[in-house]
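File shown: my_file33.cif. Contents: mmCIF, C-alpha atoms.
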```cif
data_run
#
loop_
_atom_site.label_atom_id
_atom_site.label_comp_id
_atom_site.auth_asym_id
_atom_site.auth_seq_id
_atom_site.Cartn_x
_atom_site.Cartn_y
_atom_site.Cartn_z
CA MET X 1 118.13 -20.03 116.76
CA ALA X 2 115.45 -22.61 117.55
CA GLU X 3 113.48 -23.97 114.63
CA SER X 4 109.86 -22.82 114.50
CA THR X 5 107.21 -25.37 115.46
CA VAL X 6 104.46 -23.33 113.80
CA GLU X 7 102.93 -25.22 110.87
CA HIS X 8 101.21 -22.26 109.19
CA LEU X 9 101.21 -18.50 109.02
CA HIS X 10 98.93 -16.64 111.40
CA VAL X 11 97.30 -13.83 109.43
CA GLU X 12 95.46 -10.70 110.55
CA LEU X 13 93.78 -8.70 107.76
CA VAL X 14 92.67 -5.40 109.24
CA ALA X 15 90.81 -2.39 107.83
CA ALA X 16 90.63 0.93 109.64
CA ASP X 17 87.24 0.06 111.14
CA ARG X 18 87.36 -3.72 111.63
CA THR X 19 89.22 -7.01 111.38
CA VAL X 20 88.25 -8.38 107.96
CA TRP X 21 89.80 -11.83 108.29
CA SER X 22 91.94 -13.65 110.81
CA GLY X 23 93.21 -17.19 110.67
CA GLU X 24 95.83 -19.68 109.59
CA ALA X 25 97.21 -19.58 106.06
CA ALA X 26 99.58 -21.62 103.93
CA MET X 27 100.55 -18.72 101.65
CA ILE X 28 99.91 -15.05 100.96
CA ILE X 29 100.44 -13.13 97.73
CA ALA X 30 100.38 -9.33 97.77
CA ARG X 31 101.63 -6.43 95.68
CA THR X 32 104.00 -4.00 97.33
CA LEU X 33 105.44 -0.80 95.90
CA GLU X 34 108.55 -2.84 95.02
CA GLY X 35 106.59 -5.62 93.28
CA ASP X 36 104.72 -8.82 94.11
CA ILE X 37 105.62 -10.76 97.23
CA GLY X 38 104.77 -14.30 98.20
CA VAL X 39 104.92 -15.23 101.87
CA LEU X 40 105.32 -18.78 103.14
CA ARG X 41 106.16 -20.13 106.60
CA GLY X 42 109.70 -19.18 107.60
CA HIS X 43 109.72 -15.97 105.53
CA ALA X 44 112.30 -13.38 106.54
CA PRO X 45 110.97 -10.46 108.58
CA THR X 46 109.58 -7.83 106.24
CA LEU X 47 107.77 -4.51 106.42
CA SER X 48 106.45 -3.27 103.07
CA LEU X 49 104.07 -0.67 101.69
CA LEU X 50 101.20 -2.19 99.75
CA SER X 51 99.92 -0.71 96.52
CA ALA X 52 96.21 -0.54 95.70
CA SER X 53 95.82 -4.14 94.59
CA VAL X 54 94.56 -7.64 95.22
CA VAL X 55 95.78 -9.71 98.17
CA GLU X 56 95.33 -13.49 98.08
CA ILE X 57 95.39 -15.68 101.18
CA GLN X 58 95.52 -19.47 100.76
CA VAL X 59 93.75 -20.78 103.85
CA ALA X 60 95.67 -23.53 105.64
CA ASN X 61 94.56 -27.14 105.15
CA SER X 62 91.91 -26.24 102.56
CA ASN X 63 91.36 -25.18 98.99
CA GLN X 64 89.79 -21.93 100.19
CA LEU X 65 91.30 -18.74 98.81
CA VAL X 66 90.49 -15.44 100.52
CA VAL X 67 90.73 -12.66 97.94
CA VAL X 68 90.51 -8.98 98.91
CA ALA X 69 91.05 -5.57 97.37
CA VAL X 70 93.15 -3.15 99.42
CA ASP X 71 93.69 0.55 98.79
CA GLY X 72 97.33 0.42 99.86
CA GLY X 73 98.54 -0.03 103.40
CA PHE X 74 101.21 -2.14 105.09
CA LEU X 75 102.36 -5.74 105.10
CA SER X 76 104.31 -6.93 108.13
CA VAL X 77 105.89 -10.39 108.37
CA ALA X 78 107.72 -11.68 111.46
CA ASN X 79 107.90 -15.07 113.21
CA ASP X 80 105.29 -16.65 110.91
CA ARG X 81 102.81 -13.89 111.76
CA VAL X 82 101.50 -11.67 108.98
CA SER X 83 99.64 -8.41 109.48
CA ILE X 84 97.99 -6.68 106.54
CA LEU X 85 96.75 -3.22 107.47
CA ALA X 86 94.84 -0.93 105.10
CA GLU X 87 92.41 1.95 105.31
CA ARG X 88 89.93 0.07 103.09
CA VAL X 89 89.72 -3.70 102.60
CA GLU X 90 86.95 -5.40 100.63
CA LEU X 91 86.36 -9.12 100.37
CA ALA X 92 86.07 -10.06 96.70
CA GLU X 93 82.69 -11.72 97.20
CA ASP X 94 81.31 -8.43 98.61
CA ILE X 95 82.31 -6.43 95.52
CA GLU X 96 79.65 -5.86 92.87
CA VAL X 97 81.62 -5.89 89.61
CA SER X 98 79.15 -3.70 87.70
CA GLN X 99 79.34 -0.99 90.39
CA ALA X 100 83.14 -1.29 90.51
CA ARG X 101 83.26 -0.73 86.73
CA ILE X 102 81.06 2.37 87.10
CA ASP X 103 83.35 3.64 89.87
CA LEU X 104 86.39 3.03 87.63
CA GLU X 105 84.92 4.99 84.73
CA GLU X 106 83.98 7.86 87.05
CA ALA X 107 87.49 7.94 88.51
CA LYS X 108 89.04 7.93 85.02
CA ARG X 109 86.89 10.93 84.01
CA LEU X 110 88.22 12.83 87.05
CA LEU X 111 91.90 12.05 86.32
CA ASP X 112 92.61 15.44 84.78
CA SER X 113 91.00 17.37 87.61
CA SER X 114 92.56 15.81 90.72
CA ASN X 115 95.51 13.82 92.04
CA GLU X 116 93.09 11.86 94.21
CA ALA X 117 91.46 10.50 91.06
CA GLU X 118 94.54 8.42 90.19
CA GLN X 119 94.28 6.67 93.56
CA ARG X 120 90.56 6.10 92.96
CA VAL X 121 91.35 4.51 89.58
CA ARG X 122 93.91 2.13 91.12
CA HIS X 123 91.49 1.18 93.89
CA ALA X 124 88.61 0.60 91.44
CA GLU X 125 90.84 -1.57 89.24
CA ALA X 126 91.94 -3.60 92.28
CA ARG X 127 88.30 -4.13 93.29
CA ILE X 128 87.44 -5.46 89.83
CA ARG X 129 90.45 -7.81 89.76
CA ALA X 130 89.58 -9.16 93.22
CA ALA X 131 85.92 -9.74 92.36
CA GLU X 132 86.78 -11.42 89.05
CA LYS X 133 89.16 -13.86 90.80
CA VAL X 134 86.28 -15.41 92.72
CA SER X 135 83.57 -15.25 90.04
#
```
Re-express the file's structure as structure tokens.
Amino acid sequence: MAESTVEHLHVELVAADRTVWSGEAAMIIARTLEGDIGVLRGHAPTLSLLSASVVEIQVANSNQLVVVAVDGGFLSVANDRVSILAERVELAEDIEVSQARIDLEEAKRLLDSSNEAEQRVRHAEARIRAAEKVS
């Protein structure tokens, strides 16, 4: 097999309604249903289910860190290309922490009445963690 000449990962971060971020990255950290995964150049091909959590993308050749909250979804890695697909993706800088905390408390109150509430709690917690990473 020929050695890759790609210097960085090409990343596509896609929500159901738009591409949230696309570019070159040095590293990605995400949480799958099996646990945390770090992806660097040359990573083995992988297809994983994401949990509602924070995803961190270290932008190539910079100190910039893209931090997002996802509500689950998929992570695909192949040939130094990474696709992160989720129904909802929020950039950390777009999350208002006070509103996320209100959403979390509301979701916790609903826990006893609905299975959907547990998913809302996980998503609200992920939003808070993402926003706090950049503040």
Note to self: Between CA of Ile37 in chain X and CA of Ala131 in chain X, what distance in Å does the model show, to one decimal?
What the structure shows: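 Between CA of Ile37 in chain X and CA of Ala131 in chain X the gap works out to 20.3 Å.
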Next item on the list: For range 9-21 of chain X, list every protein, DNA or RNA residue within 10 Å, evaluated using all atoms listed in the file, and leave out those in the same chain fewer than 4 positions away; present the list as a PyMOL selection string.
Entry: chain X and resi 25-28+39-43+55+57+59-60+66+68+70-71+73+75-91
Check: Hey, which of X:Phe74, X:Ala92, X:Ala117, X:Ser22 ends up closest to Glu56 in chain X? Count all atoms listed in the file.
Finding: X:Ala92
Check: Mind pulling up the distance from CA of Gln64 in chain X to CA of Glu93 in chain X?
Finding: 12.8 Å
Margin query: Calculated over all atoms listed in the file, which of the candidates X:Ile128, X:Leu49, X:Val121, X:Ala69 has the smallest distance to Ala100 in chain X?
Written below: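 Using all atoms listed in the file, the shortest distance to Ala100 in chain X belongs to X:Ile128.
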Checklist line | Selection as a ChimeraX atom specification: residues within 6 Å of (105.1, -2.8, 100.2), counting all atoms listed in the file | finding: /X:32-33,48-50
Check: So, counting all atoms listed in the file, which residue among X:Leu65, X:Ala130, X:Ala52, X:Val97 is closest to Glu118 in chain X?
Finding: X:Ala52
Item checked: Atomic separation - CA of Asn63 in chain X relative to CA of Ser51 in chain X, Å ->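 These atoms are spaced 26.0 Å apart.
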Edge lengths and centre in Å, axis-aligned, range 32-43 of chain X plus 3 Å each side, as lines of an AutoDock Vina configuration file:
```
center_x = 106.9
center_y = -10.5
center_z = 100.4
size_x = 11.7
size_y = 25.3
size_z = 20.3
```
Next item on the list: Can you work out which one of X:Arg120, X:Ser135, X:Gly23, X:Leu104 has the shortest atom-to-atom distance to His8 in chain X, counting all atoms listed in the file?
Entry: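 Ranked by minimum distance to His8 in chain X, first place goes to X:Gly23.
Restricting the calculation to all atoms listed in the file, the smallest distance between Arg101 in chain X and any of X:Asp36, X:Glu125, X:Leu47, X:Gln119 is found for X:Glu125.
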